[in-house]
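So this one's input-v8.tsv, TSV, C-alpha atoms:
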chain	number	residue	atom	x	y	z
W	1	MET	CA	-2.72	-15.12	-0.54
W	2	SER	CA	0.12	-13.31	1.14
W	3	TRP	CA	3.30	-12.23	-0.58
W	4	ALA	CA	5.60	-11.40	2.35
W	5	ALA	CA	3.90	-12.35	5.63
W	6	HIS	CA	4.99	-15.98	5.28
W	7	ASP	CA	8.64	-14.82	5.12
W	8	LEU	CA	8.31	-12.58	8.15
W	9	GLU	CA	6.01	-14.31	10.64
W	10	PRO	CA	8.64	-16.89	11.73
W	11	TYR	CA	10.85	-14.11	13.16
W	12	ALA	CA	7.99	-12.79	15.27
W	13	PHE	CA	7.27	-16.27	16.64
W	14	GLN	CA	10.98	-16.77	17.25
W	15	ARG	CA	11.07	-13.61	19.33
W	16	HIS	CA	8.51	-14.94	21.76
W	17	LEU	CA	9.36	-18.64	21.82
W	18	LYS	CA	13.20	-18.54	21.59
W	19	LEU	CA	14.69	-21.98	22.34
W	20	LYS	CA	11.35	-23.76	22.21
W	21	LEU	CA	11.33	-23.68	18.40
W	22	ALA	CA	13.75	-24.57	15.62
W	23	PHE	CA	13.88	-21.85	12.99
W	24	VAL	CA	14.42	-23.91	9.82
W	25	PRO	CA	11.32	-26.15	10.15
W	26	LEU	CA	9.36	-23.10	11.33
W	27	LEU	CA	10.23	-21.36	8.06
W	28	ILE	CA	9.62	-24.50	5.97
W	29	GLY	CA	6.23	-24.86	7.67
W	30	SER	CA	5.43	-21.26	6.85
W	31	TYR	CA	6.27	-21.83	3.17
W	32	SER	CA	4.93	-25.38	2.86
W	33	PRO	CA	1.27	-24.83	1.88
W	34	ASP	CA	2.26	-23.02	-1.33
W	35	MET	CA	5.46	-24.91	-2.14
W	36	MET	CA	4.06	-27.25	-4.75
W	37	THR	CA	1.08	-25.28	-6.02
W	38	LYS	CA	1.93	-21.64	-6.79
W	39	TRP	CA	3.54	-22.36	-10.17
W	40	PHE	CA	0.38	-24.12	-11.37
W	41	VAL	CA	-1.87	-21.36	-10.01
W	42	TYR	CA	-0.11	-18.74	-12.13
W	43	GLY	CA	0.81	-21.10	-14.96
W	44	ILE	CA	4.14	-21.72	-16.65
W	45	ARG	CA	5.13	-22.07	-20.30
W	46	LEU	CA	7.15	-25.11	-21.36
W	47	GLY	CA	7.93	-24.68	-25.04
W	48	PRO	CA	4.59	-24.80	-26.89
W	49	TRP	CA	2.65	-25.88	-23.77
W	50	GLU	CA	1.18	-23.65	-21.10
W	51	LEU	CA	0.48	-25.46	-17.86
W	52	LYS	CA	-2.09	-23.75	-15.68
W	53	ALA	CA	-4.95	-24.84	-13.42
W	54	ASP	CA	-8.43	-24.53	-14.98
W	55	ASP	CA	-9.70	-23.07	-11.72
W	56	PRO	CA	-6.63	-21.65	-9.93
W	57	ALA	CA	-8.43	-20.65	-6.73
W	58	LYS	CA	-10.03	-24.07	-6.35
W	59	PHE	CA	-6.78	-25.85	-7.18
W	60	HIS	CA	-4.87	-23.73	-4.67
W	61	ARG	CA	-7.35	-23.57	-1.78
W	62	GLY	CA	-10.26	-25.86	-2.55
W	63	TRP	CA	-11.34	-29.47	-2.75
W	64	PRO	CA	-10.88	-31.29	-5.06
W	65	GLY	CA	-7.50	-29.58	-5.22
W	66	PHE	CA	-4.57	-28.86	-2.92
W	67	GLY	CA	-6.53	-26.73	-0.45
W	68	PHE	CA	-5.91	-29.33	2.26
W	69	THR	CA	-2.33	-28.01	2.49
W	70	HIS	CA	-3.85	-24.93	4.17
W	71	SER	CA	-5.62	-26.95	6.88
W	72	PHE	CA	-4.74	-27.73	10.49
W	73	VAL	CA	-4.80	-31.46	9.86
W	74	TYR	CA	-2.13	-31.21	7.15
W	75	GLY	CA	0.21	-29.49	9.61
W	76	ILE	CA	-0.50	-32.15	12.22
W	77	ALA	CA	0.16	-34.98	9.72
W	78	ILE	CA	3.53	-33.59	8.62
W	79	ALA	CA	4.46	-32.75	12.22
W	80	LEU	CA	3.70	-36.35	13.27
W	81	ILE	CA	5.86	-37.67	10.42
W	82	LEU	CA	8.75	-35.43	11.51
W	83	TRP	CA	8.29	-36.54	15.12
W	84	LYS	CA	7.54	-40.26	14.83
W	85	VAL	CA	9.38	-41.18	11.62
W	86	PHE	CA	12.36	-38.81	11.73
W	87	GLY	CA	12.51	-38.64	15.53
W	88	SER	CA	12.44	-34.89	16.04
W	89	LYS	CA	9.62	-33.55	18.18
W	90	LEU	CA	11.18	-30.07	17.99
W	91	TRP	CA	11.09	-30.06	14.18
W	92	GLY	CA	7.52	-31.38	14.24
W	93	ILE	CA	6.23	-28.69	16.58
W	94	SER	CA	8.17	-25.94	14.78
W	95	PHE	CA	6.80	-27.03	11.40
W	96	LEU	CA	3.31	-27.09	12.87
W	97	VAL	CA	3.54	-23.51	14.17
W	98	GLY	CA	4.77	-22.23	10.80
W	99	GLN	CA	2.16	-24.11	8.77
W	100	TRP	CA	-0.72	-23.08	11.03
W	101	ALA	CA	0.41	-19.44	10.83
W	102	HIS	CA	0.28	-19.65	7.02
W	103	ALA	CA	-3.15	-21.29	7.02
W	104	LEU	CA	-4.55	-18.67	9.43
W	105	THR	CA	-2.99	-15.71	7.57
W	106	ASP	CA	-4.56	-16.83	4.30
W	107	THR	CA	-8.04	-16.69	5.83
W	108	GLY	CA	-7.66	-12.93	5.36
W	109	ASP	CA	-8.50	-12.97	1.66
W	110	THR	CA	-11.74	-13.61	-0.22
W	111	VAL	CA	-11.16	-17.34	-0.84
W	112	GLY	CA	-9.85	-18.23	2.59
W	113	THR	CA	-8.75	-21.68	3.72
W	114	MET	CA	-10.33	-24.98	4.67
W	115	LEU	CA	-8.90	-24.83	8.18
W	116	LEU	CA	-10.95	-27.78	9.43
W	117	PHE	CA	-10.46	-30.07	6.42
W	118	PRO	CA	-11.89	-32.67	5.68
W	119	TRP	CA	-14.77	-30.27	6.37
W	120	THR	CA	-14.54	-28.25	3.13
W	121	PHE	CA	-15.96	-25.01	4.52
W	122	HIS	CA	-13.72	-22.02	3.68
W	123	PHE	CA	-12.95	-19.68	6.56
W	124	HIS	CA	-12.48	-16.24	5.00
W	125	LEU	CA	-12.38	-12.73	6.43
W	126	ASP	CA	-12.61	-11.06	2.98
W	127	ALA	CA	-10.14	-8.35	3.99
W	128	TRP	CA	-8.32	-8.39	0.64
W	129	ALA	CA	-9.09	-9.75	-2.81
W	130	TYR	CA	-7.76	-13.15	-3.91
W	131	ALA	CA	-6.64	-12.55	-7.49
W	132	GLY	CA	-4.32	-15.48	-8.22
W	133	GLN	CA	-6.54	-16.50	-11.13
W	134	THR	CA	-5.69	-13.24	-12.97
W	135	GLY	CA	-2.01	-14.17	-13.35
W	136	ARG	CA	1.09	-13.29	-11.37
W	137	MET	CA	1.47	-9.65	-12.40
W	138	THR	CA	-2.14	-8.58	-11.89
W	139	ASP	CA	-2.20	-10.55	-8.64
W	140	ALA	CA	0.92	-8.69	-7.47
W	141	ALA	CA	-0.55	-5.32	-8.46
W	142	ALA	CA	-3.82	-6.10	-6.66
W	143	TYR	CA	-2.19	-7.52	-3.55
W	144	PHE	CA	0.13	-4.54	-3.15
W	145	SER	CA	-2.80	-2.15	-3.56
W	146	GLY	CA	-5.00	-3.63	-0.84
W	147	LEU	CA	-5.08	-4.51	2.84
W	148	GLY	CA	-3.00	-7.64	2.25
W	149	SER	CA	0.08	-5.51	1.72
W	150	MET	CA	-0.76	-3.54	4.89
W	151	TRP	CA	-0.90	-6.83	6.80
W	152	ASP	CA	2.59	-7.62	5.46
W	153	LEU	CA	3.72	-4.16	6.55
W	154	VAL	CA	2.59	-4.94	10.11
W	155	TRP	CA	4.98	-7.91	10.14
W	156	ILE	CA	7.85	-5.83	8.69
W	157	VAL	CA	7.41	-3.14	11.36
W	158	TYR	CA	7.03	-5.78	14.06
W	159	GLY	CA	10.21	-7.47	12.82
W	160	LEU	CA	12.16	-4.21	12.91
W	161	PHE	CA	10.77	-3.54	16.40
W	162	SER	CA	12.08	-7.01	17.35
W	163	TRP	CA	15.50	-6.20	15.86
W	164	ARG	CA	17.39	-8.25	18.46
W	165	VAL	CA	16.06	-11.43	16.85
W	166	LEU	CA	18.20	-10.61	13.81
W	167	THR	CA	21.45	-9.93	15.66
W	168	SER	CA	24.54	-12.09	15.62
W	169	SER	CA	24.40	-12.68	19.40
W	170	TYR	CA	20.77	-13.79	19.25
W	171	PHE	CA	21.66	-16.25	16.50
W	172	ASP	CA	24.49	-17.69	18.62
W	173	ASP	CA	22.51	-17.81	21.88
W	174	TYR	CA	19.16	-19.12	20.66
W	175	ILE	CA	18.92	-20.17	17.01
W	176	TYR	CA	22.17	-22.13	16.83
W	177	ARG	CA	21.70	-23.82	20.20
W	178	ALA	CA	18.06	-24.75	19.71
W	179	ASP	CA	18.55	-27.02	16.72
W	180	ALA	CA	21.28	-29.58	15.91
W	181	PHE	CA	20.81	-28.69	12.24
W	182	TRP	CA	22.99	-25.59	12.59
W	183	PRO	CA	26.05	-27.29	14.20
W	184	TRP	CA	25.70	-30.05	11.60
W	185	LEU	CA	25.68	-27.52	8.74
W	186	ASN	CA	28.52	-25.64	10.39
W	187	HIS	CA	30.82	-28.58	9.58
W	188	VAL	CA	30.74	-27.52	5.92
W	189	VAL	CA	29.44	-23.93	5.99
W	190	PRO	CA	31.18	-21.12	7.92
W	191	ARG	CA	29.35	-19.41	10.75
W	192	GLY	CA	29.09	-16.11	8.85
W	193	ALA	CA	27.20	-17.82	6.04
W	194	LEU	CA	24.87	-19.50	8.56
W	195	LEU	CA	24.00	-16.11	10.04
W	196	THR	CA	23.24	-14.81	6.54
W	197	LEU	CA	21.07	-17.85	5.85
W	198	TYR	CA	19.14	-17.19	9.04
W	199	ARG	CA	18.49	-13.56	8.09
W	200	ALA	CA	17.62	-14.34	4.46
W	201	ALA	CA	13.84	-14.72	4.74
W	202	PHE	CA	13.47	-11.41	6.56
W	203	PHE	CA	15.65	-9.70	3.95
W	204	TYR	CA	13.70	-11.37	1.14
W	205	GLY	CA	10.25	-10.56	2.54
W	206	THR	CA	11.02	-6.94	3.35
W	207	SER	CA	12.97	-6.13	0.17
W	208	ARG	CA	10.39	-7.81	-2.00
W	209	TRP	CA	7.56	-5.90	-0.31
W	210	ILE	CA	9.29	-2.59	-1.08
W	211	ALA	CA	10.17	-3.63	-4.65
W	212	TRP	CA	6.64	-4.78	-5.54
W	213	THR	CA	5.16	-1.65	-3.96
W	214	ILE	CA	7.43	0.54	-6.12
W	215	TRP	CA	6.63	-1.58	-9.18
W	216	ALA	CA	2.87	-1.34	-8.62
W	217	HIS	CA	2.59	2.32	-7.62
W	218	VAL	CA	5.61	4.19	-9.00
W	219	ILE	CA	6.23	2.34	-12.25
W	220	HIS	CA	2.65	1.29	-13.10
W	221	HIS	CA	0.37	3.61	-11.08
W	222	TYR	CA	-2.15	0.99	-9.99
W	223	PRO	CA	-4.60	2.69	-7.63
W	224	TYR	CA	-4.53	1.93	-3.92
W	225	ASP	CA	-7.83	0.64	-2.53
W	226	LEU	CA	-7.50	-0.06	1.17
W	227	SER	CA	-11.21	-0.68	1.65
W	228	TRP	CA	-12.34	-4.02	3.08
W	229	GLY	CA	-12.18	-6.68	0.34
W	230	GLY	CA	-10.25	-4.45	-2.04
W	231	PRO	CA	-8.87	-3.58	-4.37
W	232	HIS	CA	-12.22	-3.62	-6.12
W	233	TRP	CA	-10.71	-2.89	-9.54
W	234	VAL	CA	-9.66	-6.55	-9.74
W	235	PRO	CA	-12.15	-9.45	-10.00
W	236	ALA	CA	-11.83	-11.25	-6.68
W	237	ALA	CA	-12.21	-15.03	-6.52
W	238	HIS	CA	-14.53	-16.61	-3.97
W	239	PRO	CA	-14.90	-20.20	-2.73
N	1	MET	CA	14.29	3.76	44.11
N	2	ARG	CA	13.24	5.23	40.77
N	3	LEU	CA	12.98	3.03	37.73
N	4	ARG	CA	13.77	4.68	34.41
N	5	LEU	CA	12.48	3.01	31.30
N	6	LYS	CA	15.22	2.96	28.70
N	7	PRO	CA	14.30	2.18	25.09
N	8	ASP	CA	15.98	-0.91	23.65
N	9	LEU	CA	17.98	0.72	20.88
N	10	PRO	CA	20.65	-0.87	18.68
N	11	GLY	CA	24.30	0.01	19.24
N	12	ARG	CA	26.81	1.37	16.75
N	13	ASN	CA	27.91	-2.08	15.56
N	14	ASP	CA	24.28	-3.21	15.06
N	15	LEU	CA	23.56	-0.08	13.02
N	16	PHE	CA	26.66	-0.65	10.90
N	17	VAL	CA	25.51	-4.18	10.06
N	18	PHE	CA	21.98	-2.89	9.40
N	19	ALA	CA	23.34	-0.23	7.02
N	20	GLY	CA	25.15	-2.94	5.06
N	21	TYR	CA	21.95	-4.92	4.69
N	22	CYS	CA	20.07	-1.75	3.67
N	23	LEU	CA	22.63	-1.16	0.94
N	24	ALA	CA	22.26	-4.76	-0.24
N	25	ALA	CA	18.47	-4.35	-0.14
N	26	ALA	CA	18.61	-1.13	-2.20
N	27	VAL	CA	20.51	-2.92	-4.98
N	28	TYR	CA	18.20	-5.96	-4.79
N	29	ILE	CA	15.13	-3.71	-5.00
N	30	ALA	CA	16.55	-1.74	-7.94
N	31	ILE	CA	17.28	-4.94	-9.89
N	32	GLY	CA	13.87	-6.36	-8.90
N	33	VAL	CA	11.91	-3.31	-10.04
N	34	ALA	CA	13.73	-3.36	-13.38
N	35	TYR	CA	13.46	-7.17	-13.85
N	36	VAL	CA	10.60	-8.49	-11.71
N	37	ASP	CA	11.54	-12.12	-12.39
N	38	PHE	CA	14.40	-11.45	-9.99
N	39	LEU	CA	11.87	-11.04	-7.16
N	40	LEU	CA	9.98	-14.27	-7.72
N	41	SER	CA	12.30	-16.87	-6.22
N	42	PHE	CA	13.34	-17.16	-2.60
N	43	TRP	CA	16.41	-19.08	-3.78
N	44	VAL	CA	17.52	-16.20	-6.00
N	45	GLY	CA	17.10	-13.86	-3.02
N	46	LEU	CA	19.05	-16.24	-0.80
N	47	GLY	CA	21.86	-16.60	-3.36
N	48	TYR	CA	22.05	-12.85	-3.82
N	49	LEU	CA	22.22	-12.23	-0.07
N	50	LEU	CA	24.89	-14.90	0.46
N	51	LEU	CA	26.93	-13.28	-2.29
N	52	VAL	CA	26.73	-9.68	-1.11
N	53	ALA	CA	26.40	-10.07	2.66
N	54	TRP	CA	28.78	-12.96	3.24
N	55	LEU	CA	30.97	-14.03	0.29
N	56	VAL	CA	32.09	-10.61	-0.97
N	57	PRO	CA	32.90	-9.27	2.54
N	58	ALA	CA	34.66	-12.55	3.40
N	59	VAL	CA	36.80	-12.41	0.26
N	60	ALA	CA	37.50	-8.70	0.84
N	61	ARG	CA	38.65	-9.45	4.39
N	62	ARG	CA	40.78	-12.37	3.17
N	63	PHE	CA	42.60	-10.40	0.49
N	64	GLY	CA	42.09	-6.86	1.78
Take the structure in the file and write it out as structure tokens.
Amino acid sequence: MSWAAHDLEPYAFQRHLKLKLAFVPLLIGSYSPDMMTKWFVYGIRLGPWELKADDPAKFHRGWPGFGFTHSFVYGIAIALILWKVFGSKLWGISFLVGQWAHALTDTGDTVGTMLLFPWTFHFHLDAWAYAGQTGRMTDAAAYFSGLGSMWDLVWIVYGLFSWRVLTSSYFDDYIYRADAFWPWLNHVVPRGALLTLYRAAFFYGTSRWIAWTIWAHVIHHYPYDLSWGGPHWVPAAHP
Amino acid sequence: MRLRLKPDLPGRNDLFVFAGYCLAAAVYIAIGVAYVDFLLSFWVGLGYLLLVAWLVPAVARRFG
């Protein structure tokens, strides 16, 4: 799984597609596959009870489980609902682009995704270890020690290279005009706050990448292992 | 006619805004490294950014 790429990819797509996409559904699409499942992958404690999936990788990416949320057909289904039920083709297409980007990015790890669900074959490149089953902290340490974090870094650098996408004038000329959501929200939220909202995911993804890297390598001294499929000091899950 | 390729670099105002966000990021990162729970939620990050990058400057401008 990726820890920052899903925050950052929408800005790269926005750079190339400008008015053809709406940013909010693009970002929601990018987050959507993990929205309802991450907490149960890592587990949470509610008083005396600990709620956690018996097989986190299968629950997250497999079938039976919620792995279908990382498939092309899931993106198409939600996009069609947004288009035909809620009447917004723009939101449907934008959601689709974000969700497909997430599903494709997550093929980079050792579990991969069922891109062509209901065919339950997992497409996986094995570039970095899937370690969600080890718990949130070990997963973070492993992710930020392997190629997954380097893939995130590519998106951070690409985002900084595309700095105009984050400017106030770009927001006014493209983001605000492309989607009626922004003028609607502007009735109750000032323009300065809207601009901050627009920049938030990039800020969150980049800052979090730096913070977790410091946590893993300065505070805790987990070893880097940038070999294919690494880090090999963590037990990687497979489909 | 000679074409000169000029790099697309940010202007002074863009860099000033960027510096403000870098400062906000430095504080966010420091809190996050000390208390990692702070890093886990997008909504916490969003709330923090709205506070430091919009609300505080807006209030400062209003009463400054």
Discussion item. Using all atoms listed in the file and a distance of at most 6 Å, pull out the residues of chain N that contact chain W, as a list in words.
Written reply: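 Every residue meeting the condition is included here: Ala25, Ile29, Val33, Gly45, Leu46 and Trp54 of chain N.
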Item to complete: Can you work out the spacing between CA of Val165 (chain W) and CA of Leu8 (chain W) in Å, to one decimal?
Response: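 Between CA of Val165 (chain W) and CA of Leu8 (chain W) the gap is 11.7 Å.
When CA of Pro118 (chain W) is paired with CA of Gly67 (chain W), their separation reads 10.1 Å.
When CA of Arg61 (chain W) is paired with CA of His122 (chain W), their separation reads 8.5 Å.
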Fill in: Nearest to Phe121 (chain W) by atom-to-atom distance, counting all atoms listed in the file, from W:Pro10, W:Gly62, W:Ala236, W:Leu27
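Among W:Pro10, W:Gly62, W:Ala236, W:Leu27, it is W:Gly62 that comes nearest to Phe121 (chain W).
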